[in-house]
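Student: The structure is given below, and queries will be raised subsequently.
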Amino acid sequence: MGGGKGADYHLHGLAHGGPPHTVEKLWPYVEAARKAGLDEMGFAEHDRYLNGLEFGVFAELRRLAPLPVRQGIEIDFHPTRSDLRHIAALPWDYLIGSVHHIGNWAFDAPGEEARFDEWDPDELYLSYFDLVARAARTGFFQIIGHLDLIKIYGHRPTRPVVELAEPALRAIAEAGAAVEVNTAGLFKPVGEIYPSRDLLERCFALGIPVTVSSDAHSPEEVGRAREEGLALVRGVGYTHLATFKGRQLIPVPLDG
Ligand SMILES: [Zn+2]
Ligand SMILES: [Zn+2]
């Protein structure tokens with residue numbers, strides 16, 4: 001059944017044009033997923049578009065699509081957010097917890113790169129991974145998005161990243177959440193999948209499940225660099241990918 005390429009759960013269908021969703025607007029993503037040989041696909045819009053997400057549109061899409069379509073959401077985690085419980089109460093298949101901000105600094109946003117120079121790199125990584133740990137500890141997230149996004153512009157810590165990330169990785173393992181192998185990093189200045197191999201090896205050792213995602217913002221990006229992502233996951237020793245339905249984790253064997 002399916003194309004044997006697993007599930008791509010990090011798709012942004014609202015990147016162009018904004019809300020509302022329509023089946024017509026999302027259909028090119030379905031076509032692209034089918035062409036890419038995916039077994040499943042899942043939309044995970046940024047939660048700032050929450051008001052544009054109509055569950056009825058996704059129900060219609062599920063009815064028409066030739067492969068399972070899941071509905072997730074990508075939450076921009078801030079430790080001060082008080083609306084997570086409210087958002088989590090909606091019928092998502094999965095919630096992706098992502099750290100894009102340190103304080104009020106949207107570190108991955110265009111034009112924000114200069115502020116990296118204000119930081120000691122180890123402190124920067126510690127602050128970032130502390131937020132990742134706090135996101136995991138909320139218990140709301142089935143998937144932690146782009147685990148080492150902080151490397152986006154190529155700034156590296158002096159201490160081993162696995163050491164700096166260890167409390168976050170333990171929090172993820174304790175929460176039973178999966179990490180995402182996100183191939184979009186290959187197309188950012190860092191030119192590398194999120195997370196790095198050494199971090200993924202530590203995830204594997206801790207028994208953390210894994211997904212492989214493109215973080216597509218257009219249909220052309222669905223399943224992008226998937227073979228590289230799958231090769232990394234296999235190389236580290238994983239034999240299964242995590243899939244989610246109604247927040248239940250269903251492990252699916254990796255081919256070959
Ligand atoms: Zn993100
Ligand atoms: Zn995203």
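How things are named: the first chain in the structure tokens is A, the next is B, and so on; residues count from 1 in each chain; ligands count from 1 in the order shown.
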Pick out the residues no farther than 12 Å from ligand 1, counting only C-alpha atoms and all ligand atoms, and list them as a PyMOL selection string.
Tutor: chain A and resi 10-12+44-48+73-77+95-101+106-109+143-150+152+180+182-185+194+213-217
Student: Can you pull out every residue from region 39-212 of chain A that DSSP, working from the backbone, puts in alpha helix (DSSP H), and format the result as a PyMOL selection string?
Tutor: chain A and resi 55-64+84-88+121-137+161-175+197-205
Student: If we count only C-alpha atoms, what is near Arg85 (chain A) at a cut-off of 12 Å, once residues fewer than 2 positions away on the same chain are taken out, given as an MDAnalysis selection string?
Tutor: chainID A and resid 75 81:83 87:90 95 138:141
Student: Report, in Å to a single decimal, how far apart CA of Phe244 (chain A) and CA of Glu24 (chain A) are.
Tutor: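 Interatomic distance here is 24.8 Å.
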Student: Using only C-alpha atoms, can you tell me which of A:Ala173, A:Ala114, A:Leu241, A:Val23 comes closest to Arg137 (chain A)?
Tutor: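 Smallest distance to Arg137 (chain A) is found for A:Ala173.
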Student: Counting only C-alpha atoms, what is within 12 Å of Leu249 (chain A), bar same-chain residues fewer than 3 positions away, as a PyMOL selection string?
Tutor: chain A and resi 93-95+141-143+176-178+208-211+240-246+252
Student: Restricted to all heavy atoms, what would the selected residues look like written as a short mmCIF file (atom, residue, chain, number, x, y, z; two decimals), in the first residue's frame?
Tutor:
```
data_model
loop_
_atom_site.label_atom_id
_atom_site.label_comp_id
_atom_site.auth_asym_id
_atom_site.auth_seq_id
_atom_site.Cartn_x
_atom_site.Cartn_y
_atom_site.Cartn_z
N ASP A 93 -4.71 15.73 14.75
CA ASP A 93 -4.05 14.43 14.77
C ASP A 93 -2.73 14.51 15.54
O ASP A 93 -2.30 13.52 16.13
CB ASP A 93 -3.80 13.94 13.34
CG ASP A 93 -5.11 13.50 12.69
OD1 ASP A 93 -5.80 12.65 13.28
OD2 ASP A 93 -5.45 14.03 11.62
N TYR A 94 -2.10 15.69 15.50
CA TYR A 94 -0.83 15.87 16.23
C TYR A 94 -0.56 17.36 16.36
O TYR A 94 -1.03 18.16 15.56
CB TYR A 94 0.35 15.19 15.51
CG TYR A 94 0.47 15.61 14.06
CD1 TYR A 94 1.19 16.74 13.70
CD2 TYR A 94 -0.16 14.89 13.05
CE1 TYR A 94 1.27 17.14 12.37
CE2 TYR A 94 -0.10 15.27 11.73
CZ TYR A 94 0.62 16.40 11.40
OH TYR A 94 0.70 16.81 10.09
N LEU A 95 0.18 17.71 17.39
CA LEU A 95 0.65 19.08 17.58
C LEU A 95 2.17 19.07 17.48
O LEU A 95 2.83 18.26 18.16
CB LEU A 95 0.23 19.65 18.93
CG LEU A 95 -1.25 20.02 19.11
CD1 LEU A 95 -2.04 18.78 19.53
CD2 LEU A 95 -1.42 21.13 20.12
N PHE A 141 2.67 18.30 23.09
CA PHE A 141 3.19 18.07 21.74
C PHE A 141 3.51 16.60 21.46
O PHE A 141 4.16 15.94 22.26
CB PHE A 141 4.44 18.93 21.51
CG PHE A 141 4.15 20.38 21.73
CD1 PHE A 141 4.73 21.08 22.77
CD2 PHE A 141 3.25 21.04 20.90
CE1 PHE A 141 4.44 22.42 22.98
CE2 PHE A 141 2.95 22.38 21.10
CZ PHE A 141 3.55 23.07 22.14
N GLN A 142 3.06 16.15 20.31
CA GLN A 142 3.40 14.80 19.85
C GLN A 142 4.73 14.82 19.10
O GLN A 142 5.40 13.79 19.00
CB GLN A 142 2.31 14.26 18.90
CG GLN A 142 1.05 13.82 19.60
CD GLN A 142 0.31 15.00 20.22
OE1 GLN A 142 0.03 15.99 19.55
NE2 GLN A 142 0.02 14.89 21.51
N ILE A 143 5.07 15.99 18.53
CA ILE A 143 6.29 16.10 17.71
C ILE A 143 7.00 17.40 18.10
O ILE A 143 6.35 18.43 18.26
CB ILE A 143 5.94 16.15 16.20
CG1 ILE A 143 5.16 14.89 15.77
CG2 ILE A 143 7.21 16.32 15.35
CD1 ILE A 143 4.59 14.97 14.35
N GLY A 176 7.35 11.39 25.88
CA GLY A 176 6.90 10.42 24.86
C GLY A 176 6.69 11.07 23.50
O GLY A 176 5.99 10.52 22.66
N ALA A 177 7.29 12.24 23.29
CA ALA A 177 7.12 12.93 22.00
C ALA A 177 8.14 12.41 20.98
O ALA A 177 9.16 11.82 21.35
CB ALA A 177 7.30 14.44 22.19
N ALA A 178 7.83 12.63 19.72
CA ALA A 178 8.74 12.29 18.63
C ALA A 178 9.54 13.53 18.25
O ALA A 178 9.12 14.66 18.52
CB ALA A 178 7.95 11.81 17.42
N ILE A 208 13.58 7.88 21.44
CA ILE A 208 12.65 8.90 20.94
C ILE A 208 12.24 8.55 19.51
O ILE A 208 13.10 8.38 18.65
CB ILE A 208 13.32 10.30 20.98
CG1 ILE A 208 13.66 10.68 22.43
CG2 ILE A 208 12.43 11.36 20.33
CD1 ILE A 208 14.50 11.95 22.57
N PRO A 209 10.94 8.46 19.25
CA PRO A 209 10.48 8.18 17.88
C PRO A 209 10.77 9.34 16.94
O PRO A 209 11.06 10.46 17.38
CB PRO A 209 8.96 7.98 18.02
CG PRO A 209 8.69 7.92 19.48
CD PRO A 209 9.81 8.61 20.17
N VAL A 210 10.65 9.07 15.63
CA VAL A 210 11.07 10.08 14.66
C VAL A 210 10.07 10.16 13.50
O VAL A 210 9.44 9.18 13.12
CB VAL A 210 12.50 9.74 14.17
CG1 VAL A 210 12.53 8.54 13.26
CG2 VAL A 210 13.17 10.92 13.51
N THR A 211 9.91 11.39 12.98
CA THR A 211 9.19 11.60 11.72
C THR A 211 10.18 12.23 10.73
O THR A 211 11.23 12.71 11.14
CB THR A 211 7.99 12.58 11.90
OG1 THR A 211 8.49 13.86 12.30
CG2 THR A 211 6.99 12.07 12.94
N HIS A 240 11.69 2.31 12.21
CA HIS A 240 10.29 2.72 12.08
C HIS A 240 10.19 4.25 12.07
O HIS A 240 11.02 4.94 12.64
CB HIS A 240 9.45 2.20 13.25
CG HIS A 240 9.25 0.72 13.22
ND1 HIS A 240 10.27 -0.16 13.49
CD2 HIS A 240 8.15 -0.03 12.94
CE1 HIS A 240 9.80 -1.40 13.38
NE2 HIS A 240 8.53 -1.35 13.03
N LEU A 241 9.15 4.73 11.40
CA LEU A 241 8.77 6.15 11.51
C LEU A 241 7.49 6.23 12.34
O LEU A 241 6.67 5.31 12.32
CB LEU A 241 8.49 6.74 10.12
CG LEU A 241 9.66 6.89 9.16
CD1 LEU A 241 9.18 7.49 7.84
CD2 LEU A 241 10.77 7.76 9.76
N ALA A 242 7.35 7.35 13.02
CA ALA A 242 6.12 7.57 13.80
C ALA A 242 5.05 8.17 12.90
O ALA A 242 5.33 9.08 12.12
CB ALA A 242 6.41 8.52 14.96
N THR A 243 3.83 7.64 12.99
CA THR A 243 2.69 8.30 12.38
C THR A 243 1.69 8.58 13.51
O THR A 243 1.79 8.00 14.60
CB THR A 243 2.02 7.45 11.28
OG1 THR A 243 1.44 6.28 11.87
CG2 THR A 243 3.01 7.06 10.20
N PHE A 244 0.78 9.50 13.23
CA PHE A 244 -0.18 9.89 14.27
C PHE A 244 -1.57 9.99 13.69
O PHE A 244 -1.77 10.50 12.59
CB PHE A 244 0.20 11.25 14.88
CG PHE A 244 1.47 11.21 15.67
CD1 PHE A 244 2.68 11.50 15.07
CD2 PHE A 244 1.46 10.83 17.00
CE1 PHE A 244 3.87 11.44 15.78
CE2 PHE A 244 2.64 10.76 17.73
CZ PHE A 244 3.85 11.07 17.12
N LYS A 245 -2.51 9.48 14.48
CA LYS A 245 -3.92 9.67 14.16
C LYS A 245 -4.63 9.93 15.47
O LYS A 245 -4.52 9.11 16.39
CB LYS A 245 -4.46 8.42 13.46
CG LYS A 245 -5.85 8.62 12.93
CD LYS A 245 -6.36 7.39 12.21
CE LYS A 245 -7.74 7.71 11.65
NZ LYS A 245 -8.39 6.52 11.10
N GLY A 246 -5.31 11.07 15.55
CA GLY A 246 -5.97 11.41 16.81
C GLY A 246 -5.01 11.38 17.98
O GLY A 246 -5.34 10.98 19.09
N VAL A 252 5.40 2.87 11.95
CA VAL A 252 5.30 2.24 10.64
C VAL A 252 6.72 1.87 10.20
O VAL A 252 7.63 2.69 10.28
CB VAL A 252 4.65 3.22 9.62
CG1 VAL A 252 4.76 2.69 8.21
CG2 VAL A 252 3.20 3.47 9.98
#
```
Student: Measuring atom to atom with only C-alpha atoms, identify which of A:Pro253, A:Gly111, A:Pro79, A:Pro28 is nearest to Arg234 (chain A).
Tutor: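 Nearest candidate to Arg234 (chain A) out of A:Pro253, A:Gly111, A:Pro79, A:Pro28: A:Pro253.
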Student: Please give the complete set of residues from region 7-196 of chain A that DSSP, run on the backbone, assigns to strand (DSSP E or B), formatted as an MDAnalysis selection string.
Tutor: chainID A and resid 7:11 40:46 69:76 94:98 101:102 105:106 143:144 178:182 194
Student: Suppose we keep C-alpha atoms; can you now write the selection as a PDB file, in the first residue's frame?
Tutor:
```pdb
ATOM      1  CA  ALA A   7       4.377  10.394   6.064  1.00  0.00           C
ATOM      2  CA  ASP A   8       5.266  14.062   5.529  1.00  0.00           C
ATOM      3  CA  TYR A   9       3.578  15.809   8.451  1.00  0.00           C
ATOM      4  CA  HIS A  10       4.958  19.316   8.233  1.00  0.00           C
ATOM      5  CA  LEU A  11       3.168  20.994   5.339  1.00  0.00           C
ATOM      6  CA  GLU A  40       0.443   9.868   4.297  1.00  0.00           C
ATOM      7  CA  MET A  41       0.478  13.631   4.450  1.00  0.00           C
ATOM      8  CA  GLY A  42      -0.323  16.084   7.184  1.00  0.00           C
ATOM      9  CA  PHE A  43      -0.888  19.825   7.254  1.00  0.00           C
ATOM     10  CA  ALA A  44       0.613  21.732  10.163  1.00  0.00           C
ATOM     11  CA  GLU A  45      -0.159  25.417   9.723  1.00  0.00           C
ATOM     12  CA  HIS A  46       1.402  27.978  11.994  1.00  0.00           C
ATOM     13  CA  VAL A  69      -4.514  13.369   5.119  1.00  0.00           C
ATOM     14  CA  ARG A  70      -3.837  14.265   8.754  1.00  0.00           C
ATOM     15  CA  GLN A  71      -4.469  17.605  10.354  1.00  0.00           C
ATOM     16  CA  GLY A  72      -1.860  18.891  12.719  1.00  0.00           C
ATOM     17  CA  ILE A  73      -0.741  22.328  13.790  1.00  0.00           C
ATOM     18  CA  GLU A  74       2.659  23.908  14.371  1.00  0.00           C
ATOM     19  CA  ILE A  75       2.659  25.812  17.636  1.00  0.00           C
ATOM     20  CA  ASP A  76       5.127  28.632  18.116  1.00  0.00           C
ATOM     21  CA  TYR A  94      -0.832  15.874  16.229  1.00  0.00           C
ATOM     22  CA  LEU A  95       0.648  19.081  17.576  1.00  0.00           C
ATOM     23  CA  ILE A  96       4.156  20.117  16.543  1.00  0.00           C
ATOM     24  CA  GLY A  97       5.926  22.200  19.181  1.00  0.00           C
ATOM     25  CA  SER A  98       8.468  24.563  17.650  1.00  0.00           C
ATOM     26  CA  HIS A 101      11.610  32.867  19.446  1.00  0.00           C
ATOM     27  CA  ILE A 102      14.007  33.507  22.280  1.00  0.00           C
ATOM     28  CA  TRP A 105      13.583  37.694  19.176  1.00  0.00           C
ATOM     29  CA  ALA A 106      12.275  35.721  16.183  1.00  0.00           C
ATOM     30  CA  ILE A 143       6.289  16.100  17.711  1.00  0.00           C
ATOM     31  CA  ILE A 144       9.107  18.553  18.422  1.00  0.00           C
ATOM     32  CA  ALA A 178       8.742  12.293  18.629  1.00  0.00           C
ATOM     33  CA  VAL A 179      11.396  14.471  17.019  1.00  0.00           C
ATOM     34  CA  GLU A 180      11.160  15.577  13.457  1.00  0.00           C
ATOM     35  CA  VAL A 181      13.891  15.112  10.892  1.00  0.00           C
ATOM     36  CA  ASN A 182      13.212  18.273   8.911  1.00  0.00           C
ATOM     37  CA  TYR A 194      17.518  19.469  11.396  1.00  0.00           C
TER      38      TYR A 194
END
```
Student: Between A:Arg247, A:Ser218, A:Tyr125, A:Leu131, which is the closest to ligand 2 once you count only C-alpha atoms and all ligand atoms?
Tutor: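 Distance minimum relative to ligand 2 lands on A:Ser218.
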Student: When distances are computed from only C-alpha atoms, which of A:Glu112, A:Glu192, A:Glu60, A:Glu54 shows the smallest separation from Ala225 (chain A)?
Tutor: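 Ranked by minimum distance to Ala225 (chain A), first place goes to A:Glu192.
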Student: I need the residue nearest Val190 (chain A) from this list: A:Leu230, A:Arg156, A:Gly56, A:Leu124. Use only C-alpha atoms for the distance.
Tutor: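 Residue with the minimum atom-to-atom distance to Val190 (chain A): A:Arg156.
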